[in-house]
>>> print(open('entry_39.tsv').read())   # TSV, C-alpha atoms and all ligand atoms
chain	number	residue	atom	x	y	z
U	1	MET	CA	-77.18	133.25	-31.11
U	2	THR	CA	-76.68	130.99	-34.11
U	3	ALA	CA	-79.76	129.45	-35.68
U	4	TRP	CA	-80.98	125.96	-34.86
U	5	SER	CA	-79.23	123.44	-37.08
U	6	ALA	CA	-79.41	119.80	-38.08
U	7	SER	CA	-76.28	117.95	-39.23
U	8	ILE	CA	-76.91	114.60	-40.86
U	9	ILE	CA	-74.51	111.82	-41.80
U	10	THR	CA	-76.11	109.61	-44.42
U	11	LEU	CA	-75.48	107.55	-47.54
U	12	PHE	CA	-78.22	109.60	-49.23
U	13	PRO	CA	-77.52	113.30	-48.62
U	14	GLU	CA	-79.77	114.13	-51.59
U	15	MET	CA	-82.77	113.10	-49.45
U	16	PHE	CA	-82.28	116.36	-47.47
U	17	PRO	CA	-83.91	118.80	-47.02
U	18	GLY	CA	-86.43	116.93	-49.21
U	19	PRO	CA	-89.92	117.66	-47.85
U	20	LEU	CA	-88.43	120.01	-45.25
U	21	GLY	CA	-87.63	122.40	-48.11
U	22	LEU	CA	-91.37	123.02	-48.54
U	23	SER	CA	-94.15	124.62	-46.53
U	24	LEU	CA	-93.42	126.33	-43.21
U	25	ALA	CA	-90.15	124.49	-42.54
U	26	GLY	CA	-88.98	125.40	-46.04
U	27	GLU	CA	-89.91	129.06	-45.59
U	28	GLY	CA	-87.98	129.07	-42.30
U	29	LEU	CA	-85.00	127.50	-44.05
U	30	LYS	CA	-85.04	130.21	-46.73
U	31	ARG	CA	-85.33	132.90	-44.07
U	32	GLY	CA	-82.33	131.48	-42.18
U	33	LEU	CA	-84.35	130.57	-39.08
U	34	TRP	CA	-82.75	127.12	-39.14
U	35	HIS	CA	-80.08	125.27	-41.11
U	36	ILE	CA	-79.58	121.78	-42.43
U	37	GLU	CA	-76.44	120.08	-43.73
U	38	ALA	CA	-76.27	116.52	-45.01
U	39	HIS	CA	-72.87	114.83	-45.22
U	40	ASP	CA	-72.15	111.86	-47.46
U	41	LEU	CA	-70.92	108.83	-45.53
U	42	ARG	CA	-69.60	107.42	-48.81
U	43	ALA	CA	-66.85	110.06	-48.82
U	44	PHE	CA	-65.26	108.16	-45.91
U	45	GLY	CA	-65.54	104.72	-47.54
U	46	ARG	CA	-62.55	102.43	-47.88
U	47	GLY	CA	-60.74	101.39	-51.04
U	48	ARG	CA	-61.36	102.04	-54.67
U	49	HIS	CA	-65.06	101.37	-54.28
U	50	ARG	CA	-65.37	103.50	-51.13
U	51	ALA	CA	-66.89	100.60	-49.22
U	52	VAL	CA	-68.86	101.71	-46.17
U	53	ASP	CA	-70.21	98.31	-45.10
U	54	ASP	CA	-69.14	94.72	-44.66
U	55	THR	CA	-70.61	91.35	-43.76
U	56	PRO	CA	-71.76	90.81	-40.17
U	57	ALA	CA	-69.31	89.10	-37.83
U	58	GLY	CA	-70.79	85.76	-36.81
U	59	GLY	CA	-72.65	85.44	-40.09
U	60	GLY	CA	-76.19	86.19	-41.11
U	61	ALA	CA	-77.93	88.21	-43.74
U	62	GLY	CA	-77.19	91.71	-44.85
U	63	MET	CA	-74.40	94.18	-44.32
U	64	VAL	CA	-73.27	96.36	-41.43
U	65	LEU	CA	-71.91	99.91	-41.58
U	66	ARG	CA	-68.22	99.84	-40.62
U	67	ALA	CA	-67.17	101.37	-37.29
U	68	ASP	CA	-64.06	103.06	-38.71
U	69	VAL	CA	-65.93	104.64	-41.62
U	70	VAL	CA	-68.70	105.97	-39.39
U	71	ALA	CA	-66.16	107.24	-36.81
U	72	ASP	CA	-64.23	109.13	-39.50
U	73	ALA	CA	-67.41	110.81	-40.73
U	74	ILE	CA	-68.43	111.77	-37.20
U	75	ASP	CA	-64.96	113.12	-36.35
U	76	ALA	CA	-64.88	115.15	-39.56
U	77	HIS	CA	-68.30	116.74	-39.15
U	78	TRP	CA	-69.18	116.77	-35.45
U	79	PRO	CA	-66.41	118.43	-33.42
U	80	ALA	CA	-65.85	117.04	-29.92
U	81	ASP	CA	-67.22	120.27	-28.43
U	82	ASP	CA	-70.32	120.29	-30.67
U	83	PRO	CA	-73.14	120.97	-28.19
U	84	ARG	CA	-75.77	119.18	-30.27
U	85	PRO	CA	-77.02	115.78	-29.11
U	86	ARG	CA	-75.58	112.93	-31.23
U	87	LEU	CA	-78.40	110.67	-32.21
U	88	LEU	CA	-78.54	107.43	-34.15
U	89	LEU	CA	-81.90	106.66	-35.72
U	90	SER	CA	-82.53	103.05	-34.79
U	91	PRO	CA	-85.50	100.76	-34.16
U	92	ARG	CA	-83.74	99.71	-30.94
U	93	GLY	CA	-83.74	103.26	-29.62
U	94	ALA	CA	-85.93	105.03	-27.12
U	95	PRO	CA	-89.21	105.96	-28.86
U	96	LEU	CA	-89.23	109.61	-29.94
U	97	THR	CA	-91.55	111.69	-27.76
U	98	GLN	CA	-92.84	115.26	-27.81
U	99	ALA	CA	-90.90	115.84	-24.57
U	100	MET	CA	-87.61	115.00	-26.34
U	101	VAL	CA	-88.61	117.15	-29.31
U	102	ARG	CA	-89.35	120.11	-27.02
U	103	GLN	CA	-85.98	119.78	-25.33
U	104	TRP	CA	-84.04	119.56	-28.60
U	105	ALA	CA	-86.02	122.38	-30.24
U	106	ILE	CA	-84.88	124.90	-27.61
U	107	GLY	CA	-81.25	123.72	-27.89
U	108	PRO	CA	-78.66	124.36	-30.61
U	109	GLY	CA	-79.94	121.60	-32.91
U	110	VAL	CA	-79.31	117.90	-33.51
U	111	ALA	CA	-76.58	115.72	-35.03
U	112	LEU	CA	-78.10	112.65	-36.69
U	113	LEU	CA	-76.57	109.45	-38.02
U	114	CYS	CA	-78.77	107.50	-40.42
U	115	GLY	CA	-78.27	103.75	-40.47
U	116	ARG	CA	-78.75	101.54	-43.53
U	117	PHE	CA	-78.65	97.78	-44.25
U	118	GLU	CA	-78.65	95.75	-41.00
U	119	GLY	CA	-77.41	98.72	-38.99
U	120	VAL	CA	-74.21	100.10	-37.50
U	121	ASP	CA	-71.21	98.36	-35.87
U	122	GLU	CA	-71.94	98.40	-32.13
U	123	ARG	CA	-68.45	99.69	-31.23
U	124	VAL	CA	-68.84	103.07	-32.91
U	125	ILE	CA	-72.21	103.59	-31.21
U	126	ALA	CA	-70.37	103.24	-27.89
U	127	ALA	CA	-67.14	104.99	-28.86
U	128	ARG	CA	-68.89	108.10	-30.21
U	129	ARG	CA	-71.58	108.04	-27.51
U	130	LEU	CA	-74.54	107.94	-29.86
U	131	THR	CA	-78.02	107.96	-28.34
U	132	GLU	CA	-80.34	105.63	-30.22
U	133	ILE	CA	-83.77	107.06	-31.03
U	134	SER	CA	-86.61	105.16	-32.69
U	135	LEU	CA	-89.49	106.52	-34.72
U	136	GLY	CA	-91.70	103.63	-33.63
U	137	ASP	CA	-92.04	99.88	-33.45
U	138	TYR	CA	-91.59	99.05	-37.11
U	139	VAL	CA	-88.57	98.73	-39.38
U	140	LEU	CA	-87.71	101.34	-41.99
U	141	SER	CA	-85.16	100.66	-44.70
U	142	GLY	CA	-82.94	103.51	-43.51
U	143	GLY	CA	-82.65	106.24	-40.92
U	144	GLU	CA	-83.31	109.09	-43.35
U	145	ILE	CA	-87.10	109.18	-43.13
U	146	ALA	CA	-86.86	108.93	-39.34
U	147	ALA	CA	-84.37	111.82	-39.36
U	148	LEU	CA	-86.73	113.92	-41.50
U	149	ALA	CA	-89.57	113.22	-39.07
U	150	LEU	CA	-87.44	114.09	-36.02
U	151	ILE	CA	-86.21	117.33	-37.60
U	152	ASP	CA	-89.72	118.28	-38.72
U	153	ALA	CA	-91.06	117.83	-35.20
U	154	CYS	CA	-88.25	120.01	-33.78
U	155	VAL	CA	-88.27	122.72	-36.44
U	156	ARG	CA	-91.97	123.51	-36.10
U	157	LEU	CA	-91.20	124.51	-32.48
U	158	VAL	CA	-88.23	126.71	-33.41
U	159	PRO	CA	-89.27	130.34	-32.77
U	160	GLY	CA	-90.59	132.11	-35.85
U	161	ILE	CA	-91.41	129.03	-37.91
U	162	MET	CA	-95.06	128.52	-37.03
U	163	GLY	CA	-95.85	131.53	-34.89
U	164	ALA	CA	-97.89	130.81	-31.81
U	165	SER	CA	-99.78	127.79	-33.09
U	166	ALA	CA	-97.14	125.14	-32.36
U	167	SER	CA	-96.17	126.51	-28.98
U	168	GLY	CA	-99.66	126.29	-27.51
U	169	ASP	CA	-100.12	123.71	-24.82
U	170	ASP	CA	-103.40	122.36	-26.17
U	171	GLU	CA	-101.82	120.18	-28.85
U	172	SER	CA	-101.69	116.41	-28.72
U	173	PHE	CA	-99.23	115.17	-26.07
U	174	GLU	CA	-98.82	118.58	-24.45
U	175	GLY	CA	-100.20	118.12	-20.98
U	176	GLY	CA	-100.22	114.38	-21.57
U	177	LEU	CA	-103.49	114.31	-23.52
U	178	LEU	CA	-104.50	113.90	-27.15
U	179	GLU	CA	-106.11	116.88	-28.80
U	180	TYR	CA	-109.85	117.61	-28.85
U	181	PRO	CA	-111.73	117.45	-32.20
U	182	HIS	CA	-111.66	120.36	-34.64
U	183	PHE	CA	-114.46	121.67	-36.84
U	184	THR	CA	-114.74	124.44	-39.42
U	185	ARG	CA	-117.18	125.56	-42.10
U	186	PRO	CA	-119.58	124.44	-43.39
U	187	VAL	CA	-121.77	124.19	-40.28
U	188	ALA	CA	-123.63	121.22	-41.81
U	189	PHE	CA	-121.65	118.48	-43.57
U	190	GLU	CA	-123.32	115.26	-44.79
U	191	GLY	CA	-125.92	115.50	-42.08
U	192	MET	CA	-123.47	116.26	-39.27
U	193	THR	CA	-123.42	119.66	-37.60
U	194	ILE	CA	-120.75	121.40	-35.56
U	195	PRO	CA	-121.39	120.80	-31.83
U	196	GLU	CA	-123.60	123.59	-30.48
U	197	VAL	CA	-121.18	124.47	-27.67
U	198	LEU	CA	-118.53	125.56	-30.20
U	199	ARG	CA	-121.01	128.03	-31.69
U	200	SER	CA	-122.13	129.36	-28.31
U	201	GLY	CA	-119.41	131.99	-27.94
U	202	ASP	CA	-119.10	130.95	-24.26
U	203	HIS	CA	-115.33	130.56	-23.90
U	204	GLY	CA	-115.48	128.93	-20.49
U	205	ARG	CA	-117.94	126.30	-21.71
U	206	ILE	CA	-115.88	125.73	-24.85
U	207	ALA	CA	-112.69	125.22	-22.81
U	208	ARG	CA	-114.45	122.74	-20.49
U	209	TRP	CA	-115.93	120.83	-23.46
U	210	ARG	CA	-112.55	120.62	-25.18
U	211	ARG	CA	-110.86	119.40	-22.02
U	212	ALA	CA	-113.53	116.72	-21.53
U	213	GLU	CA	-113.22	115.63	-25.18
U	214	SER	CA	-109.41	115.46	-24.85
U	215	GLU	CA	-109.78	113.22	-21.83
U	216	ARG	CA	-112.39	111.02	-23.49
U	217	ILE	CA	-110.35	110.54	-26.66
U	218	THR	CA	-107.16	109.85	-24.70
U	219	ARG	CA	-108.98	107.32	-22.49
U	220	GLU	CA	-110.39	105.56	-25.54
U	221	ARG	CA	-107.32	105.59	-27.79
U	222	ARG	CA	-104.24	105.91	-25.60
U	223	PRO	CA	-104.99	104.92	-22.00
U	224	ASP	CA	-101.22	104.48	-21.55
U	225	LEU	CA	-100.85	108.29	-21.68
U	226	LEU	CA	-103.09	108.63	-18.61
U	227	ASN	CA	-100.94	106.33	-16.49
U	228	PRO	CA	-98.45	108.64	-14.75
U	229	ALA	CA	-96.02	105.77	-14.20
U	230	LYS	CA	-95.63	105.61	-17.95
U	231	VAL	CA	-95.03	109.29	-18.68
U	232	GLU	CA	-91.97	109.37	-20.93
U	233	ARG	CA	-89.11	111.70	-20.17
U	234	PRO	CA	-86.32	112.80	-22.49
U	301	LIG	N1	-81.53	95.09	-38.45
U	301	LIG	C1	-82.07	96.23	-37.76
U	301	LIG	C2	-82.92	97.10	-38.70
U	301	LIG	C3	-82.11	97.83	-39.70
U	301	LIG	S1	-83.08	98.88	-40.66
U	301	LIG	C4	-82.91	95.74	-36.58
U	301	LIG	O1	-83.52	94.70	-36.69
U	301	LIG	O2	-82.96	96.45	-35.57
U	301	LIG	C5	-81.86	99.96	-41.33
U	301	LIG	C6	-81.73	101.33	-40.68
U	301	LIG	O3	-82.96	102.00	-40.78
U	301	LIG	C7	-81.39	101.33	-39.21
U	301	LIG	O4	-80.00	101.25	-38.99
U	301	LIG	C8	-81.95	102.66	-38.76
U	301	LIG	O5	-81.03	103.72	-38.98
U	301	LIG	C9	-83.14	102.86	-39.68
U	301	LIG	N2	-84.40	102.51	-39.02
U	301	LIG	C10	-85.16	101.43	-39.26
U	301	LIG	N3	-86.27	101.43	-38.50
U	301	LIG	C11	-86.21	102.53	-37.75
U	301	LIG	C12	-87.06	103.10	-36.73
U	301	LIG	N4	-88.18	102.48	-36.37
U	301	LIG	N5	-86.69	104.24	-36.17
U	301	LIG	C13	-85.55	104.87	-36.53
U	301	LIG	N6	-84.71	104.41	-37.48
U	301	LIG	C14	-85.03	103.25	-38.08
>>> encode(input="entry_39.tsv", output="structure tokens")
Amino acid sequence: MTAWSASIITLFPEMFPGPLGLSLAGEGLKRGLWHIEAHDLRAFGRGRHRAVDDTPAGGGAGMVLRADVVADAIDAHWPADDPRPRLLLSPRGAPLTQAMVRQWAIGPGVALLCGRFEGVDERVIAARRLTEISLGDYVLSGGEIAALALIDACVRLVPGIMGASASGDDESFEGGLLEYPHFTRPVAFEGMTIPEVLRSGDHGRIARWRRAESERITRERRPDLLNPAKVERP
């Protein structure tokens, strides 16, 4: 089987792998456990100045990435039979969830288009069947940082990158709850000690305490996660 791979179309290919070239993701990249390729949208620009954008139809501020330029880049780099999901990073998209990340991490990889300026001509989003994915309810200046976050979340689940620690089902969002609190040495820190139960060696008690803490923290901080009607699906 070929390794998990991310293909990115962007005006700033030099932003990749960026931080993903370091730490565990970076080690995995060097060991060939996953691949990344960033393609320059500018190469498909029109005219002497390789223009990739133009003014919005109907007027208004800013510039819009041209449909024909984006389509050419997609057709050159993402073959029609490419099994990877084609995603457009966009504040209008479905919010990225751990469930989506899990699904993409066990697949062949992801194909990501990074928007810039005001965004992308609507027709190419439809014509190339791009699925819009958002990092959250705020506006970034481009899709690149969102793409890095999405890839990071996927890659840490790719087998061999993080060992067992990322696959455990006690992490935040796995099982629909936020994670319980962690403690390590020293036992006493600025007058606060590690909860006695965690030093008891009683694994059953520890598991029950952690579960209760997960539920308490989720109830306090993210009650929306406890409402089954709101459980997000990929
Ligand atoms: N005018 C747009 C925002 C454009 S921001 C609007 O109001 O919806 C420029 C680019 O940054 C977008 O095309 C997108 O690729 C990226 N971007 C901005 N915010 C994002 C977010 N929350 N999630 C994912 N990508 C985002």
>>> closest_residue(input="entry_39.tsv", among="U:Asp137, U:Glu171, U:Glu220, U:Glu179", to="ligand LIG 301 (chain U)", atoms="all atoms listed in the file")
U:Asp137
>>> closest_atom_pairs(input="entry_39.tsv", of="chain U", to="ligand LIG 301 (chain U)", cutoff="10 Å", atoms="only C-alpha atoms and all ligand atoms", output="JSON lines")
{"residue": "U:Thr10", "atom": "CA", "partner": "U:LIG301", "partner_atom": "O5", "distance": 9.4}
{"residue": "U:Ala61", "atom": "CA", "partner": "U:LIG301", "partner_atom": "N1", "distance": 9.4}
{"residue": "U:Gly62", "atom": "CA", "partner": "U:LIG301", "partner_atom": "N1", "distance": 8.4}
{"residue": "U:Met63", "atom": "CA", "partner": "U:LIG301", "partner_atom": "N1", "distance": 9.3}
{"residue": "U:Val64", "atom": "CA", "partner": "U:LIG301", "partner_atom": "O4", "distance": 8.7}
{"residue": "U:Leu65", "atom": "CA", "partner": "U:LIG301", "partner_atom": "O4", "distance": 8.6}
{"residue": "U:Leu88", "atom": "CA", "partner": "U:LIG301", "partner_atom": "O5", "distance": 6.6}
{"residue": "U:Leu89", "atom": "CA", "partner": "U:LIG301", "partner_atom": "N6", "distance": 4.0}
{"residue": "U:Ser90", "atom": "CA", "partner": "U:LIG301", "partner_atom": "N6", "distance": 3.7}
{"residue": "U:Pro91", "atom": "CA", "partner": "U:LIG301", "partner_atom": "C12", "distance": 3.8}
{"residue": "U:Arg92", "atom": "CA", "partner": "U:LIG301", "partner_atom": "O2", "distance": 5.7}
{"residue": "U:Gly93", "atom": "CA", "partner": "U:LIG301", "partner_atom": "N5", "distance": 7.3}
{"residue": "U:Ala94", "atom": "CA", "partner": "U:LIG301", "partner_atom": "N5", "distance": 9.1}
{"residue": "U:Pro95", "atom": "CA", "partner": "U:LIG301", "partner_atom": "N5", "distance": 7.9}
{"residue": "U:Leu96", "atom": "CA", "partner": "U:LIG301", "partner_atom": "N5", "distance": 8.6}
{"residue": "U:Leu112", "atom": "CA", "partner": "U:LIG301", "partner_atom": "O5", "distance": 9.7}
{"residue": "U:Leu113", "atom": "CA", "partner": "U:LIG301", "partner_atom": "O5", "distance": 7.3}
{"residue": "U:Cys114", "atom": "CA", "partner": "U:LIG301", "partner_atom": "O5", "distance": 4.6}
{"residue": "U:Gly115", "atom": "CA", "partner": "U:LIG301", "partner_atom": "O5", "distance": 3.1}
{"residue": "U:Arg116", "atom": "CA", "partner": "U:LIG301", "partner_atom": "C5", "distance": 4.1}
{"residue": "U:Phe117", "atom": "CA", "partner": "U:LIG301", "partner_atom": "C5", "distance": 4.9}
{"residue": "U:Glu118", "atom": "CA", "partner": "U:LIG301", "partner_atom": "N1", "distance": 3.9}
{"residue": "U:Gly119", "atom": "CA", "partner": "U:LIG301", "partner_atom": "O4", "distance": 3.6}
{"residue": "U:Val120", "atom": "CA", "partner": "U:LIG301", "partner_atom": "O4", "distance": 6.1}
{"residue": "U:Asp121", "atom": "CA", "partner": "U:LIG301", "partner_atom": "O4", "distance": 9.8}
{"residue": "U:Glu132", "atom": "CA", "partner": "U:LIG301", "partner_atom": "C13", "distance": 8.2}
{"residue": "U:Ile133", "atom": "CA", "partner": "U:LIG301", "partner_atom": "C13", "distance": 6.2}
{"residue": "U:Ser134", "atom": "CA", "partner": "U:LIG301", "partner_atom": "N5", "distance": 3.6}
{"residue": "U:Leu135", "atom": "CA", "partner": "U:LIG301", "partner_atom": "N5", "distance": 3.9}
{"residue": "U:Gly136", "atom": "CA", "partner": "U:LIG301", "partner_atom": "N4", "distance": 4.6}
{"residue": "U:Asp137", "atom": "CA", "partner": "U:LIG301", "partner_atom": "N4", "distance": 5.5}
{"residue": "U:Tyr138", "atom": "CA", "partner": "U:LIG301", "partner_atom": "N4", "distance": 4.9}
{"residue": "U:Val139", "atom": "CA", "partner": "U:LIG301", "partner_atom": "N3", "distance": 3.7}
{"residue": "U:Leu140", "atom": "CA", "partner": "U:LIG301", "partner_atom": "C10", "distance": 3.7}
{"residue": "U:Ser141", "atom": "CA", "partner": "U:LIG301", "partner_atom": "O3", "distance": 4.7}
{"residue": "U:Gly142", "atom": "CA", "partner": "U:LIG301", "partner_atom": "O3", "distance": 3.1}
{"residue": "U:Gly143", "atom": "CA", "partner": "U:LIG301", "partner_atom": "O5", "distance": 3.6}
{"residue": "U:Glu144", "atom": "CA", "partner": "U:LIG301", "partner_atom": "C9", "distance": 7.2}
{"residue": "U:Ile145", "atom": "CA", "partner": "U:LIG301", "partner_atom": "N6", "distance": 7.8}
{"residue": "U:Ala146", "atom": "CA", "partner": "U:LIG301", "partner_atom": "C13", "distance": 5.1}
{"residue": "U:Ala147", "atom": "CA", "partner": "U:LIG301", "partner_atom": "C13", "distance": 7.6}
{"residue": "U:Ala149", "atom": "CA", "partner": "U:LIG301", "partner_atom": "C13", "distance": 9.6}
{"residue": "U:Leu150", "atom": "CA", "partner": "U:LIG301", "partner_atom": "C13", "distance": 9.4}
>>> atom_distance(input="entry_39.tsv", atom1="CA of Arg216 in chain U", atom2="CA of Tyr180 in chain U")
8.9 Å
>>> residues_around(input="entry_39.tsv", residues="Ala127 in chain U", least_positions_apart="2", cutoff="12 Å", atoms="all atoms listed in the file", output="ChimeraX atom specification")
/U:67-68,70-72,74-75,86,121-125,129-131
>>> residues_near_point(input="entry_39.tsv", point="(-116.5, 119.2, -24.0)", cutoff="12 Å", atoms="all atoms listed in the file", output="PDB file with C-alpha atoms, in the coordinates of the input")
ATOM      1  CA  GLU U 179    -106.110 116.880 -28.800  1.00  0.00           C
ATOM      2  CA  TYR U 180    -109.850 117.610 -28.850  1.00  0.00           C
ATOM      3  CA  PRO U 181    -111.730 117.450 -32.200  1.00  0.00           C
ATOM      4  CA  HIS U 182    -111.660 120.360 -34.640  1.00  0.00           C
ATOM      5  CA  PRO U 195    -121.390 120.800 -31.830  1.00  0.00           C
ATOM      6  CA  GLU U 196    -123.600 123.590 -30.480  1.00  0.00           C
ATOM      7  CA  VAL U 197    -121.180 124.470 -27.670  1.00  0.00           C
ATOM      8  CA  LEU U 198    -118.530 125.560 -30.200  1.00  0.00           C
ATOM      9  CA  HIS U 203    -115.330 130.560 -23.900  1.00  0.00           C
ATOM     10  CA  GLY U 204    -115.480 128.930 -20.490  1.00  0.00           C
ATOM     11  CA  ARG U 205    -117.940 126.300 -21.710  1.00  0.00           C
ATOM     12  CA  ILE U 206    -115.880 125.730 -24.850  1.00  0.00           C
ATOM     13  CA  ALA U 207    -112.690 125.220 -22.810  1.00  0.00           C
ATOM     14  CA  ARG U 208    -114.450 122.740 -20.490  1.00  0.00           C
ATOM     15  CA  TRP U 209    -115.930 120.830 -23.460  1.00  0.00           C
ATOM     16  CA  ARG U 210    -112.550 120.620 -25.180  1.00  0.00           C
ATOM     17  CA  ARG U 211    -110.860 119.400 -22.020  1.00  0.00           C
ATOM     18  CA  ALA U 212    -113.530 116.720 -21.530  1.00  0.00           C
ATOM     19  CA  GLU U 213    -113.220 115.630 -25.180  1.00  0.00           C
ATOM     20  CA  SER U 214    -109.410 115.460 -24.850  1.00  0.00           C
ATOM     21  CA  GLU U 215    -109.780 113.220 -21.830  1.00  0.00           C
ATOM     22  CA  ARG U 216    -112.390 111.020 -23.490  1.00  0.00           C
ATOM     23  CA  ILE U 217    -110.350 110.540 -26.660  1.00  0.00           C
TER      24      ILE U 217
END
>>> residues_around(input="entry_39.tsv", residues="Phe16 in chain U", least_positions_apart="4", cutoff="8 Å", atoms="all atoms listed in the file", output="PyMOL selection string")
chain U and resi 20+36-38+148
>>> residues_around(input="entry_39.tsv", residues="range 40-50 of chain U", least_positions_apart="5", cutoff="6 Å", atoms="only C-alpha atoms", output="MDAnalysis selection string")
chainID U and resid 9:11 13 69
>>> closest_residue(input="entry_39.tsv", among="U:Pro85, U:Pro223, U:Gly191, U:Pro159", to="Ile8 in chain U", atoms="all atoms listed in the file")
U:Pro85
>>> closest_residue(input="entry_39.tsv", among="U:Phe12, U:Phe173, U:Trp4, U:Trp34", to="Pro83 in chain U", atoms="only C-alpha atoms")
U:Trp4
>>> atom_distance(input="entry_39.tsv", atom1="CA of Pro79 in chain U", atom2="CA of Ser7 in chain U")
11.5 Å
>>> residues_near_point(input="entry_39.tsv", point="(-77.6, 130.4, -31.0)", cutoff="12 Å", atoms="all atoms listed in the file", output="list of chain:residue names")
U:Met1, U:Thr2, U:Ala3, U:Trp4, U:Ser5, U:Leu33, U:Trp34, U:His35, U:Pro83, U:Arg84, U:Ala105, U:Ile106, U:Gly107, U:Pro108, U:Gly109, U:Val158, U:Pro159
>>> closest_residue(input="entry_39.tsv", among="U:Arg222, U:His77, U:Arg156, U:Arg66", to="His39 in chain U", atoms="all atoms listed in the file")
U:His77
>>> atom_distance(input="entry_39.tsv", atom1="CA of Val101 in chain U", atom2="CA of Pro19 in chain U")
18.6 Å
